[in-house]
Amino acid sequence: MKKSAFSGIIAIMASSVIFLVPFAFILLTASKDQRQAARLDFSWPTEFHFVDNLIAVLKADDYLLIIAYINSIILTVGSVSIMVVLAAMVAFVLQRRAGRWNGLINFLVLSGLIIPPAVVPTIWVLDGLGLFRTMAGLIAVEVAFGLSFCVLLFRAFVATVPRELDEAAILDGAGPARLFFRVILPLLRPVVITAVVVQSVTVFNDFVNPLYFLPGSDNATVQLTVYNFAGQFGTQYHLLFMDILLVTIPPLIMFLFFNGRIVAGMTAGAIKG
Amino acid sequence: MVRRSVYPYWFLLPAAVVYGVLFLAPTFASFWFSLTRWTLFESHFVGLDNFVTFFREPALVKGFVNTLIYGVVTSGAKVVLGLLLAVVLTSRIVARGYLRSVVFFPVLVSTIGVGLTFTVLMNPERGLINQVLGAAGVDGPGWLTDPSWALLSVAAVDVWKGVGLATLIYIAGIVSIPQEYFEAARVDGAGAWANFRHLILPLARPATVTVIILSLIGGLRSFDLIWAMTRGGPGFTSDVIASVIYKQYQAGFYGLSTAGNVVLFVVVTAIVLPLSRFLNRKEVEA
Amino acid sequence: MRRFLTASVVLCLALTGCSAGSLGSSEDDGDGVTLTFLVDNSDTNRKLGEGLATAFTAANPGITVKVEIRPQGTEGDNLIKTRLATGDMTDVFQYNSGSLMQALAPAKNLVAVGDQPWAAQLDQNFTTSVTADGKVYAAPFGNYNAGAILYNRAVYARLGLTVPVTWAEFEANNAALKSAGIAPVVQSYGETWTSQLFILGDFHNVSAADPRFAEKYTANQVKYASTPAAVAGFQHLQRVHDAGWTNEDFASAKLDDAIALLAEGKGAHYPILSGIISQLAGTFPDKVDDIGLFAVPGADAAKNGLTVWAPAGVYLPASTTDAKREAALKFLAFVASPAGCDAQTAAAAPQGPFALTGCTLPDSVPQAVKDMQTYLSTPGRSSLALEFLSPVKGPALEQICVEVGSGIRDAKSGAELYDEDVKKQAQQLGLTGW
């Protein structure tokens with residue numbers, strides 16, 4: 001017991017150094033003035049400029065960061081809600097109905113996890129549909145790329161919902177839509193929460209798709225602002241790290257509230273994958 | 001039949017449309033456009049020219065080789081470190097919950113943010129890492145500016161960020177091993193090492209397969225971290241296929257960029273599919 | 001930070017209504033016209049864009065100009081091309097002149113403005129660089145820029161050095177500087193674009209050796225690797241690294257770091273675009289007159305001269321029509337007028353001469369700009385950069401330069417790789433002879 005307490009302390013210290021120092025560094029640098037931040041060292045701020053830096057970052061480029069936050073929220077909420085509902089519908093039919101299409105569908109679902117999306121052809125398609133450089137287009141892209149994961153997650157869970165419930169609903173005269181939205185979907189609640197949380201973090205943190213499919217400064221998402229600030233602010237590290245800090249907060253909140261759900265979702269999804 | 005109408009195929013339709021139009025169609029189109037010189041509006045068939053360029057130009061070949069190195073190194077490191085961490089974090093250790101959280105949290109953080117943070121920490125002259133090494137009397141290399149280190153440094157950050165997920169998967173695997181096995185092993189007088197070697201390692205095999213496959217898929221496709229940290233530099237020394245695709249896209253070489261996409265497609269499927277079949281079959285035999 | 005804040009404060013004071021930007025994006029109500037104006041996100045160009053917009057609106061109350069920002073570099077190029085191609089461009093936009101402008105398919109995407117009265121006032125070099133198929137497409141935005149070597153005059157004075165006109169003299173100066181403990185050549189590969197100036201800024205020397213180089217280059221009759229005068233730039237880059245003349249942190253330093261080294265006299269030479277002098281003036285106002293400029297030295301002292309970049313242009317896309325087009329033409333006329341020059345001078349200290357007859361520089365311009373003026377006013381001592389004379393420019397030059405300048409690749413192989421890179425560009429553009 002004593003030995004494990006000792007090794008525990010070692011483990012806590014080691015993990016704190018390796019995993020927490022970078023976050024501490026972000027926080028400290030975001031609190032420094034420009035001169036001190038530019039030294040790039042790991043030190044206590046001589047003066048705290050946290051609020052000044054926060055205001056400066058928010059004001060930069062005509063409040064671009066606030067616009068970017070709004071964009072990111074629209075993107076995340078829009079794409080995650082659509083992808084969750086669509087994926088649940090697919091998983092429901094796929095699990096309940098053994099048809100000759102199932103093999104093909106399963107193959108396509110797995111392809112979605114493995115195949116790297118073809119970038120320029122996707123732009124070409126979006127442009128053809130008039131959706132390139134639009135939020136709607138980016139939402140659709142995120143939905144398309146996120147479906148596979150959700151379908152896999154849901155399918156396993158649908159299997160645990162007894163078929164007798166379907167039969168009972170049908171006897172009550174429910175059609176397929178009512179059966180699904182009134183009976184099945186509410187029962188999927190736990191896994192829906194998991195999918196929503198995991199995919200929200202994924203979409204919120206997504207950098208590549210906004211970079212390709214939603215260029216333009218007015219459309220920036222928060223990840224793009226971080227990337228752009230890195231170029232534009234040059235050596236104004238205090239502002240850059242304030243931005244990084246702000247972008248880190250939403251996942252942190254998700255993590256604090258839904259730690260268990262995220263863990264469940266990532267392991268379940270992963271093992272099925 | 002009643003059942004037929006209860007689970008209607010039209011439920012698949014909305015998803016199929018989005019997926020088909022924005023994922024499958026571009027994927028199929030990429031095979032054609034990779035054979036053309038393309039401006040988005042006009043395409044001009046050039047045969048295999050783009051692929052020839054891809055495998056002749058040293059900068060692009062480098063990207064190809066680096067992709068393989070990056071994929072193998074990151075997934076290898078995630079398997080080893082993830083398993084070790086999982087063993088530690090399933091043992092009776094104080095602050096287990098805290099430790100699991102700390103290890104896992106980086107998985108959820110913005111890759112760009114992590115990349116830029118480590119770029120600063122790895123600054124050769126003023127960064128924390130070389131400051132600490134310097135205090136210990138070691139002259140740290142230019143992690144991101146020295147061509148022989150750049151790719152590996154990025155890979156290390158990838159492992160730092162991603163090992164939490166591997167650990168999590170391993171924890172799930174280890175926890176699912178029936179306690180009776182450990183009891184029996186203890187009766188046989190097995191030590192910690194024997195436990196690890198003969199119980200955990202074989203029984204956590206499905207977790208290993210998952211970690212390898214997942215991190216290979218992620219590693220071979222990796223773009224954001226590399227782009228945030230080195231942009232493929234110095235020069236072309238840390239380019240991977242995904243960053244080459246982006247650079248060619250930026251340069252307006254859409255055909256060549258798409259050829260890069262096809263190469264990446266082939267690399268990922270040619271490695272991941274046989275590997276996962278192989279690993280899963282051995283699992284059945286074992 | 002301070003630079004950024006000052007800029008915003010100045011802007012806010014200058015702007016009549018410092019609006020919350022696109023947050024409360026209220027389109028002008030009533031009979032007013034609002035023009036959107038796309039400008040790249042560099043510090044200076046944003047100030048110029050805002051300054052022009054404000055001054056123009058003050059003079060034309062019915063027309064509001066709203067500045068939008070885009071990224072620089074290849075990312076910005078791509079954005080412009082895509083927006084033009086999809087008919088989604090702002091009402092007017094700022095963009096490079098020269099071959100980058102040629103790549104926009106001007107005949108299809110832009111409105112020719114050569115018939116406007118102000119077109120006759122344009123400087124000849126600028127007119128050349130915004131002409132496609134005999135038609136002029138832009139009003140000048142900003143100033144001439146030079147690809148040259150900024151040097152610390154205080155250091156030169158202290159060590160008794162003189163401005164070199166040949167590479168041999170430059171090497172001798174470097175040796176002296178190094179033994180005095182000063183980094184002779186500052187490089188900043190942390191921002192890759194800054195690596196290219198020994199090649200791009202050497203073009204006057206290349207064309208001095210072969211006046212038809214640009215033309216033959218476009219036609220694929222000469223190559224960088226096989227032309228001694230052209231490969232010299234790559235050799236210089238390699239030489240600077242091999243001789244250990246760079247600052248220690250050359251691999252990770254950014255533009256700001258390099259500026260600090262130069263201004264503080266820890267570094268003596270910085271091969272860069274002269275335009276960055278305004279950034280230096282912002283951070284080190286008391287050092288700006290310590291900084292001078294000389295052309296990249298070449299082989300022949302008699303033919304040495306400055307490589308210049310023509311100002312960017314303000315273009316009118318074909319997608320701007322009717323009342324907006326009329327308003328946009330008014331805006332262009334303002335940009336290409338002495339009042340427009342004054343508005344720019346007020347917004348940001350000029351970095352070089354204007355491209356418009358009738359516009360003069362104030363006496364307060366930095367020493368480096370005065371040095372530049374000397375080259376420009378002497379016939380035969382300046383040339384347009386290659387990118388203004390030929391559409392053939394490879395996208396990977398900056399990475400290649402970093403490799404050569406860091407000792408990863410030698411000069412010869414760098415030049416060969418660049419020739420390959422350029423070939424892709426020429427083929428993509430569908431040029432004949434490739």
# chains A, B, ... in the order shown; residues from 1 in each chain; ligands from 1
>>> interface_residues(of="chain C", to="chain B", cutoff="7 Å", atoms="only C-alpha atoms", output="list in words")
Thr74, Glu75, Asn78, Asp249, Ala251, Ser252, Pro395, Gln399, Ile400, Val402, Glu403 and Gln428 of chain C
>>> residues_around(residues="region 227-237 of chain C", least_positions_apart="5", cutoff="6 Å", atoms="only C-alpha atoms", output="list of chain:residue names")
C:Phe198, C:Ile199, C:Val206, C:Gly405, C:Ala411
>>> select_by_dssp(residues="region 280-375 of chain C", states="helix (DSSP H, G or I)", output="number ranges by chain")
C: 280-283, 288-290, 301-303, 322-335, 338-347, 367-375
>>> atom_distance(atom1="CA of Lys324 (chain C)", atom2="CA of Gly62 (chain C)")
11.7 Å
>>> closest_residue(among="A:Asp127, A:Asp41, A:Asp243, A:Glu164", to="chain C", atoms="only C-alpha atoms")
A:Asp127
>>> residues_around(residues="region 261-265 of chain A", least_positions_apart="6", cutoff="8 Å", atoms="only C-alpha atoms", output="PyMOL selection string")
(chain A and resi 153+191+193-195+197-198+255) or (chain B and resi 168)
>>> write_last_selection(atoms="C-alpha atoms", output="compact mmCIF listing (two decimals), in the first residue's frame")
# COMPACT_ATOMS: atom_id res chain seq x y z
CA LEU A 153 -22.35 3.90 -32.39
CA VAL A 191 -26.18 6.99 -26.82
CA ILE A 193 -25.98 12.20 -25.71
CA THR A 194 -22.73 10.37 -26.20
CA ALA A 195 -22.79 10.93 -29.94
CA VAL A 197 -20.92 15.25 -27.09
CA VAL A 198 -18.22 13.41 -28.99
CA PHE A 255 -15.15 17.37 -20.49
CA LEU B 168 -8.79 4.62 -22.70
>>> residues_around(residues="Phe37 (chain C)", least_positions_apart="2", cutoff="7 Å", atoms="only C-alpha atoms", output="list in words")
Leu35, Val39, Val65, Lys66, Val67, Glu68, Thr90, Asp91, Val92 and Phe93 of chain C
>>> write_last_selection(atoms="C-alpha atoms", output="compact mmCIF listing (two decimals), in the first residue's frame")
# COMPACT_ATOMS: atom_id res chain seq x y z
CA LEU C 35 -18.93 49.28 -51.86
CA VAL C 39 -7.68 44.07 -49.05
CA VAL C 65 -16.63 51.82 -48.66
CA LYS C 66 -16.42 48.80 -46.40
CA VAL C 67 -13.02 47.13 -46.19
CA GLU C 68 -12.86 43.35 -46.04
CA THR C 90 -16.35 42.14 -53.57
CA ASP C 91 -17.22 45.31 -55.51
CA VAL C 92 -13.59 46.37 -55.76
CA PHE C 93 -10.46 44.56 -54.62
>>> interface_residues(of="chain A", to="chain C", cutoff="9 Å", atoms="only C-alpha atoms", output="list in words")
Asp33, Gln34, Arg35, Ala56, Lys59, Ala60, Asp61, Asp62, Tyr63, Leu64, Ile66, Ile67, Asp127, Gly130, Pro215, Gly216, Ser217, Asp218, Asn228, Gly231, Gln232, Phe233, Gly234, Thr235, Gln236, His238 and Leu239 of chain A
>>> atom_distance(atom1="CA of Thr202 (chain A)", atom2="CA of Thr160 (chain A)")
26.3 Å
>>> closest_residue(among="C:Ile272, C:Ala209, C:Ala120, C:Ile63", to="Ser337 (chain C)", atoms="only C-alpha atoms")
C:Ala120
>>> decode(residues="region 42-59 of chain B", atoms="N, CA and C atoms", output="PDB file, in the first residue's frame")
ATOM      1  N   GLU B  42     -12.313  23.646 -66.069  1.00  0.00           N
ATOM      2  CA  GLU B  42     -11.928  22.883 -67.237  1.00  0.00           C
ATOM      3  C   GLU B  42     -10.954  21.815 -66.798  1.00  0.00           C
ATOM      4  N   SER B  43     -11.132  20.630 -67.363  1.00  0.00           N
ATOM      5  CA  SER B  43     -10.127  19.613 -67.076  1.00  0.00           C
ATOM      6  C   SER B  43      -9.577  19.112 -68.400  1.00  0.00           C
ATOM      7  N   HIS B  44      -8.294  18.829 -68.371  1.00  0.00           N
ATOM      8  CA  HIS B  44      -7.594  18.469 -69.591  1.00  0.00           C
ATOM      9  C   HIS B  44      -6.868  17.166 -69.288  1.00  0.00           C
ATOM     10  N   PHE B  45      -7.236  16.120 -70.005  1.00  0.00           N
ATOM     11  CA  PHE B  45      -6.704  14.790 -69.691  1.00  0.00           C
ATOM     12  C   PHE B  45      -5.199  14.715 -69.940  1.00  0.00           C
ATOM     13  N   VAL B  46      -4.458  14.280 -68.945  1.00  0.00           N
ATOM     14  CA  VAL B  46      -3.008  14.169 -69.121  1.00  0.00           C
ATOM     15  C   VAL B  46      -2.500  12.777 -68.769  1.00  0.00           C
ATOM     16  N   GLY B  47      -3.388  11.814 -68.690  1.00  0.00           N
ATOM     17  CA  GLY B  47      -2.950  10.457 -68.366  1.00  0.00           C
ATOM     18  C   GLY B  47      -2.371  10.390 -66.970  1.00  0.00           C
ATOM     19  N   LEU B  48      -1.266   9.669 -66.859  1.00  0.00           N
ATOM     20  CA  LEU B  48      -0.699   9.439 -65.531  1.00  0.00           C
ATOM     21  C   LEU B  48       0.337  10.489 -65.144  1.00  0.00           C
ATOM     22  N   ASP B  49       0.381  11.593 -65.891  1.00  0.00           N
ATOM     23  CA  ASP B  49       1.396  12.625 -65.645  1.00  0.00           C
ATOM     24  C   ASP B  49       1.475  13.056 -64.183  1.00  0.00           C
ATOM     25  N   ASN B  50       0.305  13.271 -63.588  1.00  0.00           N
ATOM     26  CA  ASN B  50       0.304  13.747 -62.202  1.00  0.00           C
ATOM     27  C   ASN B  50       0.968  12.751 -61.272  1.00  0.00           C
ATOM     28  N   PHE B  51       0.712  11.470 -61.530  1.00  0.00           N
ATOM     29  CA  PHE B  51       1.300  10.451 -60.652  1.00  0.00           C
ATOM     30  C   PHE B  51       2.800  10.349 -60.893  1.00  0.00           C
ATOM     31  N   VAL B  52       3.188  10.524 -62.161  1.00  0.00           N
ATOM     32  CA  VAL B  52       4.619  10.514 -62.467  1.00  0.00           C
ATOM     33  C   VAL B  52       5.304  11.660 -61.716  1.00  0.00           C
ATOM     34  N   THR B  53       4.699  12.850 -61.801  1.00  0.00           N
ATOM     35  CA  THR B  53       5.247  13.997 -61.069  1.00  0.00           C
ATOM     36  C   THR B  53       5.344  13.664 -59.588  1.00  0.00           C
ATOM     37  N   PHE B  54       4.279  13.065 -59.092  1.00  0.00           N
ATOM     38  CA  PHE B  54       4.202  12.782 -57.660  1.00  0.00           C
ATOM     39  C   PHE B  54       5.345  11.885 -57.212  1.00  0.00           C
ATOM     40  N   PHE B  55       5.704  10.923 -58.056  1.00  0.00           N
ATOM     41  CA  PHE B  55       6.724   9.982 -57.620  1.00  0.00           C
ATOM     42  C   PHE B  55       8.103  10.314 -58.162  1.00  0.00           C
ATOM     43  N   ARG B  56       8.205  11.439 -58.878  1.00  0.00           N
ATOM     44  CA  ARG B  56       9.527  11.811 -59.364  1.00  0.00           C
ATOM     45  C   ARG B  56      10.080  13.001 -58.599  1.00  0.00           C
ATOM     46  N   GLU B  57       9.215  13.935 -58.287  1.00  0.00           N
ATOM     47  CA  GLU B  57       9.723  15.131 -57.631  1.00  0.00           C
ATOM     48  C   GLU B  57      10.124  14.808 -56.192  1.00  0.00           C
ATOM     49  N   PRO B  58      11.375  15.089 -55.839  1.00  0.00           N
ATOM     50  CA  PRO B  58      11.864  14.672 -54.514  1.00  0.00           C
ATOM     51  C   PRO B  58      10.993  15.187 -53.376  1.00  0.00           C
ATOM     52  N   ALA B  59      10.472  16.430 -53.542  1.00  0.00           N
ATOM     53  CA  ALA B  59       9.685  17.003 -52.458  1.00  0.00           C
ATOM     54  C   ALA B  59       8.416  16.193 -52.215  1.00  0.00           C
TER      55      ALA B  59
END
